[in-house]
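Asker: Just one file: entry_0.txt, with compact mmCIF, C-alpha atoms (C1' of nucleotides).
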```
# COMPACT_ATOMS: atom_id res chain seq x y z
CA MET A 1414 0.00 0.00 0.00
CA THR A 1415 0.78 3.54 -0.39
CA THR A 1416 -1.50 6.43 -0.99
CA GLU A 1417 -2.28 9.95 -0.16
CA VAL A 1418 -5.84 10.70 0.35
CA SER A 1419 -7.32 13.85 -1.08
CA PRO A 1420 -6.92 15.05 -4.65
CA ALA A 1421 -5.91 18.68 -5.18
CA THR A 1422 -9.41 19.50 -6.18
CA GLY A 1423 -11.83 22.31 -5.59
CA ALA A 1424 -15.09 21.60 -3.84
CA GLY A 1425 -18.13 20.56 -5.77
CA HIS A 1426 -17.14 17.69 -8.02
CA VAL A 1427 -17.47 14.94 -5.50
CA PRO A 1428 -20.42 13.61 -3.55
CA ALA A 1429 -21.22 16.11 -0.84
CA GLY A 1430 -20.39 14.96 2.64
CA THR A 1431 -17.04 13.32 2.12
CA ARG A 1432 -15.24 13.54 5.41
CA TRP A 1433 -11.89 14.70 4.06
CA LEU A 1434 -8.85 14.51 6.31
CA ASP A 1435 -7.91 17.70 8.11
CA ASP A 1436 -4.29 18.87 8.26
CA GLY A 1437 -3.43 16.94 11.40
CA GLU A 1438 -4.98 13.79 10.05
CA GLN A 1439 -3.15 14.21 6.75
CA LEU A 1440 0.15 14.47 8.62
CA ALA A 1441 -0.65 11.48 10.79
CA TRP A 1442 -1.72 9.48 7.76
CA ARG A 1443 1.42 10.26 5.76
CA ALA A 1444 3.64 9.58 8.74
CA TRP A 1445 2.01 6.21 9.31
CA LEU A 1446 1.96 5.27 5.64
CA HIS A 1447 5.52 6.24 4.82
CA SER A 1448 7.06 5.00 8.02
CA THR A 1449 5.44 1.58 7.77
CA GLN A 1450 6.36 1.25 4.12
CA MET A 1451 9.92 2.35 4.62
CA LEU A 1452 10.44 0.24 7.71
CA GLN A 1453 9.01 -2.91 6.15
CA ASP A 1454 11.12 -2.29 3.10
CA ARG A 1455 14.26 -1.78 5.14
CA LEU A 1456 13.75 -4.87 7.28
CA GLU A 1457 12.99 -6.95 4.21
CA ARG A 1458 16.12 -5.82 2.40
CA ASP A 1459 18.29 -6.34 5.45
CA LEU A 1460 16.94 -9.84 5.91
CA VAL A 1461 17.33 -10.88 2.29
CA ARG A 1462 20.76 -9.32 1.92
CA SER A 1463 22.21 -10.87 5.06
CA THR A 1464 20.47 -14.24 5.17
CA GLY A 1465 18.95 -14.84 1.73
CA ILE A 1466 15.57 -15.46 3.35
CA PRO A 1467 12.61 -13.27 2.38
CA SER A 1468 10.46 -12.32 5.33
CA ALA A 1469 7.49 -14.31 4.04
CA TYR A 1470 9.60 -17.48 4.27
CA TYR A 1471 11.10 -16.44 7.57
CA GLU A 1472 7.64 -16.09 9.04
CA ILE A 1473 6.71 -19.58 7.94
CA LEU A 1474 9.84 -21.02 9.54
CA VAL A 1475 9.14 -19.14 12.78
CA GLN A 1476 5.57 -20.35 13.01
CA LEU A 1477 6.61 -23.94 12.46
CA SER A 1478 9.47 -23.68 14.94
CA GLU A 1479 7.15 -22.46 17.69
CA THR A 1480 5.02 -25.56 17.45
CA PRO A 1481 5.80 -28.58 19.68
CA ASP A 1482 6.42 -31.00 16.81
CA ARG A 1483 7.58 -28.39 14.35
CA MET A 1484 4.61 -29.14 12.14
CA MET A 1485 1.30 -27.50 11.37
CA ARG A 1486 -1.68 -27.86 9.09
CA MET A 1487 -1.32 -25.86 5.90
CA SER A 1488 -4.42 -23.77 6.52
CA GLU A 1489 -3.53 -22.88 10.05
CA LEU A 1490 -0.07 -21.93 8.89
CA ALA A 1491 -1.60 -19.72 6.23
CA ASP A 1492 -3.81 -18.00 8.79
CA ARG A 1493 -0.96 -17.39 11.18
CA CYS A 1494 1.21 -15.98 8.44
CA LEU A 1495 -1.59 -13.67 7.25
CA SER A 1496 -1.25 -15.43 3.95
CA SER A 1497 -3.71 -16.77 1.43
CA ARG A 1498 -3.77 -20.53 1.00
CA SER A 1499 -2.55 -20.31 -2.52
CA ARG A 1500 0.33 -18.10 -1.54
CA LEU A 1501 1.30 -20.39 1.29
CA SER A 1502 1.10 -23.41 -0.95
CA HIS A 1503 3.50 -21.82 -3.44
CA ALA A 1504 5.82 -20.69 -0.65
CA VAL A 1505 5.94 -24.13 0.96
CA SER A 1506 6.80 -25.63 -2.41
CA ARG A 1507 9.75 -23.30 -2.68
CA LEU A 1508 10.82 -24.06 0.88
CA GLU A 1509 10.63 -27.75 0.04
CA GLU A 1510 13.05 -27.15 -2.82
CA ARG A 1511 15.44 -25.62 -0.31
CA GLY A 1512 14.99 -28.68 1.89
CA TRP A 1513 13.72 -26.57 4.80
CA VAL A 1514 10.17 -27.87 4.94
CA ARG A 1515 8.43 -31.01 3.79
CA ARG A 1516 4.79 -31.92 3.35
CA GLN A 1517 3.37 -34.88 5.20
CA GLU A 1518 -0.08 -36.43 5.09
CA CYS A 1519 -2.37 -35.66 7.94
CA PRO A 1520 -3.49 -38.76 9.89
CA GLU A 1521 -6.79 -37.32 11.17
CA ASP A 1522 -7.96 -35.78 7.95
CA GLY A 1523 -7.35 -37.28 4.56
CA ARG A 1524 -7.83 -33.92 2.89
CA GLY A 1525 -5.20 -32.22 4.95
CA LEU A 1526 -1.44 -31.87 4.86
CA LEU A 1527 1.09 -31.01 7.49
CA ALA A 1528 4.01 -28.71 6.79
CA VAL A 1529 6.99 -30.01 8.71
CA LEU A 1530 10.11 -28.01 9.52
CA THR A 1531 13.23 -30.04 8.73
CA ASP A 1532 16.45 -29.90 10.71
CA GLU A 1533 18.01 -27.92 7.88
CA GLY A 1534 15.13 -25.48 8.05
CA PHE A 1535 15.51 -25.11 11.77
CA ALA A 1536 19.22 -24.52 11.38
CA ALA A 1537 18.59 -21.87 8.75
CA LEU A 1538 16.18 -20.12 11.07
CA GLU A 1539 18.59 -20.32 13.97
CA ALA A 1540 21.27 -18.71 11.88
CA ALA A 1541 19.01 -15.96 10.61
CA ALA A 1542 17.20 -15.03 13.80
CA PRO A 1543 19.95 -13.08 15.60
CA ILE A 1544 20.62 -11.09 12.46
CA HIS A 1545 16.97 -10.29 12.00
CA VAL A 1546 16.32 -9.34 15.60
CA GLU A 1547 19.29 -7.02 15.50
CA SER A 1548 17.83 -5.31 12.45
CA VAL A 1549 14.46 -4.92 14.17
CA ARG A 1550 16.19 -3.40 17.17
CA THR A 1551 18.27 -1.02 15.13
CA HIS A 1552 15.48 0.32 12.99
CA LEU A 1553 12.57 0.12 15.38
CA PHE A 1554 13.14 -0.32 19.11
CA ASP A 1555 16.37 1.64 19.38
CA GLN A 1556 14.63 4.61 17.81
CA LEU A 1557 11.70 4.76 20.21
CA SER A 1558 11.25 5.62 23.88
CA PRO A 1559 9.47 3.13 26.15
CA GLN A 1560 6.41 5.40 25.99
CA GLN A 1561 6.46 5.37 22.20
CA ILE A 1562 6.82 1.60 22.17
CA ALA A 1563 3.84 1.28 24.50
CA ALA A 1564 1.83 3.64 22.31
CA MET A 1565 2.77 1.72 19.18
CA ARG A 1566 1.60 -1.48 20.80
CA ASP A 1567 -1.62 0.13 21.98
CA VAL A 1568 -2.43 1.49 18.54
CA GLY A 1569 -1.54 -1.79 16.88
CA GLU A 1570 -3.70 -3.83 19.24
CA THR A 1571 -6.61 -1.44 18.84
CA LEU A 1572 -6.45 -1.74 15.08
CA LEU A 1573 -6.14 -5.51 15.26
CA ARG A 1574 -9.29 -5.73 17.34
CA HIS A 1575 -11.16 -3.91 14.61
CA LEU A 1576 -9.59 -5.85 11.76
CA GLY A 1577 -10.32 -9.07 13.53
CA ARG A 1578 -7.40 -10.84 15.16
CA MET B 249 6.98 -7.90 5.25
CA THR B 250 5.99 -10.10 7.95
CA THR B 251 8.08 -11.84 10.51
CA GLU B 252 8.37 -12.92 14.04
CA VAL B 253 11.65 -12.51 15.60
CA SER B 254 12.99 -15.23 17.84
CA PRO B 255 13.09 -18.92 17.05
CA ALA B 256 11.88 -21.33 19.68
CA THR B 257 15.38 -22.26 20.53
CA GLY B 258 17.35 -23.00 23.63
CA ALA B 259 20.31 -20.79 24.47
CA GLY B 260 23.75 -21.57 23.18
CA HIS B 261 23.47 -22.12 19.46
CA VAL B 262 23.64 -18.51 18.43
CA PRO B 263 26.28 -15.84 18.82
CA ALA B 264 26.36 -14.75 22.43
CA GLY B 265 25.02 -11.29 23.08
CA THR B 266 22.04 -11.25 20.79
CA ARG B 267 19.65 -8.75 22.26
CA TRP B 268 16.49 -10.84 21.99
CA LEU B 269 13.14 -9.16 22.39
CA ASP B 270 11.57 -9.37 25.83
CA ASP B 271 7.88 -10.24 26.23
CA GLY B 272 6.65 -6.66 26.00
CA GLU B 273 8.75 -6.03 22.94
CA GLN B 274 7.50 -9.22 21.33
CA LEU B 275 3.92 -8.13 21.87
CA ALA B 276 4.60 -4.64 20.57
CA TRP B 277 6.41 -6.07 17.56
CA ARG B 278 3.62 -8.49 16.66
CA ALA B 279 0.99 -5.83 17.14
CA TRP B 280 2.83 -3.44 14.86
CA LEU B 281 3.65 -6.05 12.27
CA HIS B 282 0.22 -7.60 12.03
CA SER B 283 -1.75 -4.41 12.28
CA THR B 284 0.23 -2.68 9.55
CA GLN B 285 0.01 -5.70 7.28
CA MET B 286 -3.67 -6.21 7.82
CA LEU B 287 -4.52 -2.55 7.48
CA GLN B 288 -2.51 -2.09 4.30
CA ASP B 289 -4.09 -5.20 2.94
CA ARG B 290 -7.58 -4.08 3.79
CA LEU B 291 -7.14 -0.61 2.32
CA GLU B 292 -5.63 -2.06 -0.83
CA ARG B 293 -8.48 -4.49 -1.34
CA ASP B 294 -11.11 -1.85 -0.67
CA LEU B 295 -9.49 0.49 -3.16
CA VAL B 296 -9.12 -2.07 -5.91
CA ARG B 297 -12.56 -3.52 -5.41
CA SER B 298 -14.39 -0.21 -5.41
CA THR B 299 -12.34 1.81 -7.90
CA GLY B 300 -10.18 -0.64 -9.85
CA ILE B 301 -7.10 1.38 -8.95
CA PRO B 302 -4.27 -0.27 -7.02
CA SER B 303 -2.79 1.96 -4.34
CA ALA B 304 0.53 2.20 -6.14
CA TYR B 305 -1.21 3.80 -9.09
CA TYR B 306 -3.39 5.92 -6.86
CA GLU B 307 -0.31 7.35 -5.20
CA ILE B 308 1.15 8.33 -8.55
CA LEU B 309 -2.04 10.10 -9.54
CA VAL B 310 -2.14 11.96 -6.22
CA GLN B 311 1.44 13.12 -6.48
CA LEU B 312 0.89 14.43 -9.99
CA SER B 313 -2.38 16.10 -9.05
CA GLU B 314 -0.72 18.04 -6.25
CA THR B 315 1.73 19.66 -8.62
CA PRO B 316 0.90 23.04 -10.23
CA ASP B 317 1.05 21.80 -13.82
CA ARG B 318 0.10 18.24 -13.02
CA MET B 319 3.47 17.03 -14.23
CA MET B 320 6.65 15.84 -12.60
CA ARG B 321 10.03 14.39 -13.50
CA MET B 322 10.01 10.61 -13.45
CA SER B 323 12.73 10.36 -10.80
CA GLU B 324 11.13 12.85 -8.47
CA LEU B 325 7.86 11.03 -8.84
CA ALA B 326 9.59 7.76 -8.01
CA ASP B 327 11.13 9.29 -4.88
CA ARG B 328 7.84 10.72 -3.69
CA CYS B 329 6.06 7.43 -4.24
CA LEU B 330 8.78 5.52 -2.35
CA SER B 331 9.23 3.60 -5.55
CA SER B 332 12.22 2.38 -7.50
CA ARG B 333 12.74 3.97 -10.90
CA SER B 334 12.15 0.72 -12.65
CA ARG B 335 8.92 0.12 -10.83
CA LEU B 336 7.72 3.63 -11.55
CA SER B 337 8.63 3.29 -15.20
CA HIS B 338 6.54 0.13 -15.46
CA ALA B 339 3.66 1.71 -13.56
CA VAL B 340 3.63 4.83 -15.73
CA SER B 341 3.56 2.64 -18.83
CA ARG B 342 0.47 0.92 -17.52
CA LEU B 343 -1.13 4.24 -16.59
CA GLU B 344 -0.40 5.45 -20.12
CA GLU B 345 -2.32 2.46 -21.46
CA ARG B 346 -5.29 3.57 -19.36
CA GLY B 347 -4.91 7.07 -20.79
CA TRP B 348 -4.41 8.57 -17.34
CA VAL B 349 -0.82 9.72 -17.69
CA ARG B 350 1.42 10.53 -20.64
CA ARG B 351 5.14 10.97 -20.96
CA GLN B 352 6.54 14.23 -22.30
CA GLU B 353 10.09 15.24 -23.06
CA CYS B 354 11.74 17.50 -20.56
CA PRO B 355 12.85 20.84 -22.05
CA GLU B 356 15.69 21.50 -19.58
CA ASP B 357 17.22 18.04 -19.60
CA GLY B 358 17.42 15.87 -22.68
CA ARG B 359 17.78 12.74 -20.55
CA GLY B 360 14.66 13.40 -18.58
CA LEU B 361 10.97 12.83 -19.05
CA LEU B 362 7.95 14.39 -17.47
CA ALA B 363 4.98 12.32 -16.39
CA VAL B 364 1.84 14.34 -17.08
CA LEU B 365 -1.57 13.68 -15.55
CA THR B 366 -4.26 13.76 -18.23
CA ASP B 367 -7.79 15.05 -17.71
CA GLU B 368 -9.02 11.46 -17.73
CA GLY B 369 -6.47 10.61 -15.05
CA PHE B 370 -7.55 13.54 -12.94
CA ALA B 371 -11.18 12.55 -13.32
CA ALA B 372 -10.38 8.99 -12.27
CA LEU B 373 -8.60 10.30 -9.18
CA GLU B 374 -11.46 12.63 -8.34
CA ALA B 375 -13.88 9.75 -8.52
CA ALA B 376 -11.71 7.46 -6.40
CA ALA B 377 -10.63 9.88 -3.69
CA PRO B 378 -13.85 10.10 -1.64
CA ILE B 379 -14.14 6.35 -1.64
CA HIS B 380 -10.58 5.90 -0.51
CA VAL B 381 -10.68 8.52 2.20
CA GLU B 382 -13.83 6.93 3.56
CA SER B 383 -12.04 3.61 3.76
CA VAL B 384 -9.09 5.19 5.59
CA ARG B 385 -11.49 6.80 8.05
CA THR B 386 -13.38 3.61 8.65
CA HIS B 387 -10.41 1.37 9.24
CA LEU B 388 -7.97 3.82 10.80
CA PHE B 389 -9.17 7.14 12.18
CA ASP B 390 -12.58 6.02 13.38
CA GLN B 391 -10.90 3.31 15.45
CA LEU B 392 -8.49 5.56 17.30
CA SER B 393 -8.81 8.27 19.94
CA PRO B 394 -7.22 11.68 19.28
CA GLN B 395 -4.45 10.68 21.68
CA GLN B 396 -3.80 7.49 19.76
CA ILE B 397 -3.75 9.38 16.48
CA ALA B 398 -1.24 11.82 17.90
CA ALA B 399 0.89 8.95 19.18
CA MET B 400 0.74 7.20 15.82
CA ARG B 401 1.92 10.35 14.12
CA ASP B 402 4.69 10.85 16.66
CA VAL B 403 5.98 7.30 16.26
CA GLY B 404 5.75 7.53 12.47
CA GLU B 405 7.63 10.80 12.32
CA THR B 406 10.30 9.52 14.68
CA LEU B 407 10.87 6.47 12.54
CA LEU B 408 10.91 8.54 9.36
CA ARG B 409 13.62 10.78 10.78
CA HIS B 410 15.77 7.70 11.31
CA LEU B 411 14.95 6.13 7.97
CA GLY B 412 15.68 9.36 6.23
CA ARG B 413 12.73 11.38 4.95
C1' DG C 204 35.70 20.94 -27.13
C1' DC C 205 36.87 16.23 -25.39
C1' DG C 206 37.07 12.09 -22.46
C1' DG C 207 35.31 10.03 -18.50
C1' DA C 208 32.10 9.77 -14.82
C1' DA C 209 27.54 10.40 -13.28
C1' DT C 210 22.53 10.69 -14.10
C1' DA C 211 17.80 9.53 -16.38
C1' DG C 212 15.21 6.19 -17.86
C1' DT C 213 14.09 1.62 -20.03
C1' DC C 214 13.96 -3.28 -20.65
C1' DA C 215 14.24 -8.44 -20.04
C1' DA C 216 14.44 -12.37 -17.00
C1' DG C 217 12.96 -14.35 -13.08
C1' DC C 218 10.44 -14.53 -8.85
C1' DC C 219 6.26 -13.93 -6.25
C1' DC C 220 1.43 -13.11 -5.71
C1' DT C 221 -3.56 -13.23 -7.02
C1' DC C 222 -7.53 -15.18 -8.97
C1' DA C 223 -10.28 -18.71 -10.40
C1' DA C 224 -10.74 -23.32 -11.60
C1' DC C 225 -9.88 -27.83 -10.16
C1' DT C 226 -9.24 -32.43 -7.39
C1' DA C 227 -9.97 -34.93 -3.43
C1' DC C 228 -11.91 -35.87 0.76
C1' DG C 229 -15.34 -35.47 4.64
C1' DC C 230 -19.93 -34.68 6.53
C1' DT C 231 -24.91 -34.97 6.71
C1' DA C 232 -29.35 -36.48 5.56
C1' DC C 233 -32.12 -39.33 3.34
C1' DG D 377 -24.69 -45.98 0.31
C1' DT D 378 -25.04 -42.03 -2.22
C1' DA D 379 -26.21 -37.09 -3.38
C1' DG D 380 -25.00 -32.75 -2.33
C1' DC D 381 -22.35 -29.52 -0.06
C1' DG D 382 -18.54 -27.71 2.38
C1' DT D 383 -13.52 -27.83 3.34
C1' DA D 384 -8.31 -28.65 2.24
C1' DG D 385 -5.15 -27.85 -0.76
C1' DT D 386 -3.02 -27.30 -5.51
C1' DT D 387 -2.32 -25.44 -9.99
C1' DG D 388 -1.71 -22.38 -14.01
C1' DA D 389 -2.21 -18.05 -16.19
C1' DG D 390 -1.34 -13.45 -15.82
C1' DG D 391 0.33 -9.29 -13.76
C1' DG D 392 3.65 -6.62 -10.89
C1' DC D 393 8.16 -6.08 -8.78
C1' DT D 394 13.33 -6.52 -8.54
C1' DT D 395 17.79 -6.84 -10.36
C1' DG D 396 21.12 -5.81 -13.45
C1' DA D 397 22.44 -4.57 -17.92
C1' DC D 398 21.80 -1.22 -21.39
C1' DT D 399 21.26 3.48 -24.05
C1' DA D 400 21.27 8.28 -24.13
C1' DT D 401 22.42 12.52 -22.26
C1' DT D 402 24.75 15.81 -19.25
C1' DC D 403 28.37 17.47 -16.31
C1' DC D 404 33.11 18.41 -15.20
C1' DG D 405 38.01 18.94 -15.51
C1' DC D 406 41.42 19.77 -18.41
```
Any chance you could put this one into structure tokens?

Answerer:
Amino acid sequence: MTTEVSPATGAGHVPAGTRWLDDGEQLAWRAWLHSTQMLQDRLERDLVRSTGIPSAYYEILVQLSETPDRMMRMSELADRCLSSRSRLSHAVSRLEERGWVRRQECPEDGRGLLAVLTDEGFAALEAAAPIHVESVRTHLFDQLSPQQIAAMRDVGETLLRHLGR
Amino acid sequence: MTTEVSPATGAGHVPAGTRWLDDGEQLAWRAWLHSTQMLQDRLERDLVRSTGIPSAYYEILVQLSETPDRMMRMSELADRCLSSRSRLSHAVSRLEERGWVRRQECPEDGRGLLAVLTDEGFAALEAAAPIHVESVRTHLFDQLSPQQIAAMRDVGETLLRHLGR
DNA sequence: GCGGAATAGTCAAGCCCTCAACTACGCTAC
DNA sequence: GTAGCGTAGTTGAGGGCTTGACTATTCCGC
């Protein structure tokens, strides 16, 4: 995403009653939009450059690693990664090519599959994690006061409640 | 982007001294990560569904519309849209196919081109803007208190200062 | 003015994502 | 037990983005 909100337009062409953003809201909107885009972009580039793992794959590895058996149903994995099923399916195929994940039939449900983190996958994650966390610290936490971090969390959680998670 | 930070790993396998995230930081990180992803996703889908314009294109139209002559150098446009030059070049080509933008030679610099917003492009933006701003209100501003909005802006601006803009 | 470096923009290959169609299995009711 | 429907997951086509190589132009020092 990206996107400023109001066109440089005079009044009168658009449906009356549009609640345009005022100046403060415009500034807040641009600050949010640009900072999130730039930060995501920076973290992504750092991660790929230093570990060769795109963040979408990293997230999959993390979710699997946090599970007792290092395995999870494909759909649950998709949900946790905020990913569509199709996208996850493609991603797991590519992770299988790297030898980091394999698919395994699900005993309780003949339709289902389990994504299983291999030892190689776990090792790759273990190597990448310290690098990634350092990047997150450098570009996010080291820049903010404890109050700002608390506020960021509060805003994030409020939005998540509305968006449903 | 996406991405949890620490692997479910015992101590000892990774370089000593990694500054792992504590519980509060983890929660703040996940809240930020998931809320920004979900919100961007939601706004993008709303915009495409109701106007047919992806946010990357919308941003280009907005930037051009805010300029006195509705034209801008390709590189400046790329910078303002947080876009690579290649990406912008592709996007402008596609906007040209829609008849919303055209390229024009730059008088002062034979290497350069100007992207010019056409009347059709301006009309498309004018039609889309109220719909988009309503979506931003619904999913962002209507969910937050004035204090939260101020905090969001503060955090965003702080991060932008570090990331350079 | 000339040679080399820097800048503006484009293009092709490859990767990733989305959308919609598809297969396969499970569940329920009759 | 089988029809019909819902769920799990995959697949392929098509579009967008990134990277890196390429052309054209300008700038700068001499």

Asker: Using all atoms listed in the file and a distance of at most 12 Å, pull out the residues of chain C that contact chain A, as a PyMOL selection string.

Answerer: chain C and resi 218-223+226-229

Asker: Could those residues be written to a file, using C-alpha atoms (C1' of nucleotides), as a short mmCIF file (atom, residue, chain, number, x, y, z; two decimals), keeping the file's coordinate frame?

Answerer:
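Once written, again-v4.cif looks like this:
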```
data_model
loop_
_atom_site.label_atom_id
_atom_site.label_comp_id
_atom_site.auth_asym_id
_atom_site.auth_seq_id
_atom_site.Cartn_x
_atom_site.Cartn_y
_atom_site.Cartn_z
"C1'" DC C 218 10.44 -14.53 -8.85
"C1'" DC C 219 6.26 -13.93 -6.25
"C1'" DC C 220 1.43 -13.11 -5.71
"C1'" DT C 221 -3.56 -13.23 -7.02
"C1'" DC C 222 -7.53 -15.18 -8.97
"C1'" DA C 223 -10.28 -18.71 -10.40
"C1'" DT C 226 -9.24 -32.43 -7.39
"C1'" DA C 227 -9.97 -34.93 -3.43
"C1'" DC C 228 -11.91 -35.87 0.76
"C1'" DG C 229 -15.34 -35.47 4.64
#
```

Asker: List the spatial neighbours of Gly1437 (chain A) as a VMD selection string - criterion: any atom at most 12 Å away, all atoms listed in the file, same-chain residues fewer than 2 positions off excluded.

Answerer: (chain A and resid 1433 to 1435 1439 to 1444) or (chain B and resid 389 394 397 to 402)

Asker: Provide as a list in words the residues of chain D at most 12 Å from chain A, counting only C-alpha atoms (C1' of nucleotides).

Answerer: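 Residues satisfying the distance criterion: DT383, DA384, DG385, DT386, DT387, DG388 and DT394 of chain D.
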
Asker: With all atoms listed in the file as the basis for distance, which of B:Trp280, B:Phe370, B:Trp348, B:Tyr305 is at the shortest distance from chain A?

Answerer: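 Closest to chain A of all the choices is B:Trp280.
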
Asker: So, with all atoms listed in the file as the atoms that count, which of B:Gln352, B:Thr386, B:Ser341, B:Thr299 lies closest to chain A?

Answerer: B:Thr386

Asker: So how far away is CA of Asp1532 (chain A) from CA of Arg1458 (chain A), in Å?

Answerer: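 Atom-to-atom, CA of Arg1458 (chain A) to CA of Asp1532 (chain A), that is 25.5 Å.
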
Asker: What is the CA of Ser1448 (chain A)-CA of Leu407 (chain B) distance in Å, reported with one decimal?

Answerer: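 Separating CA of Ser1448 (chain A) from CA of Leu407 (chain B) is a distance of 6.1 Å.
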
Asker: What is the distance between CA of Glu1521 (chain A) and CA of Leu1495 (chain A), in Å to one decimal?

Answerer: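 CA of Leu1495 (chain A) lies 24.5 Å from CA of Glu1521 (chain A).
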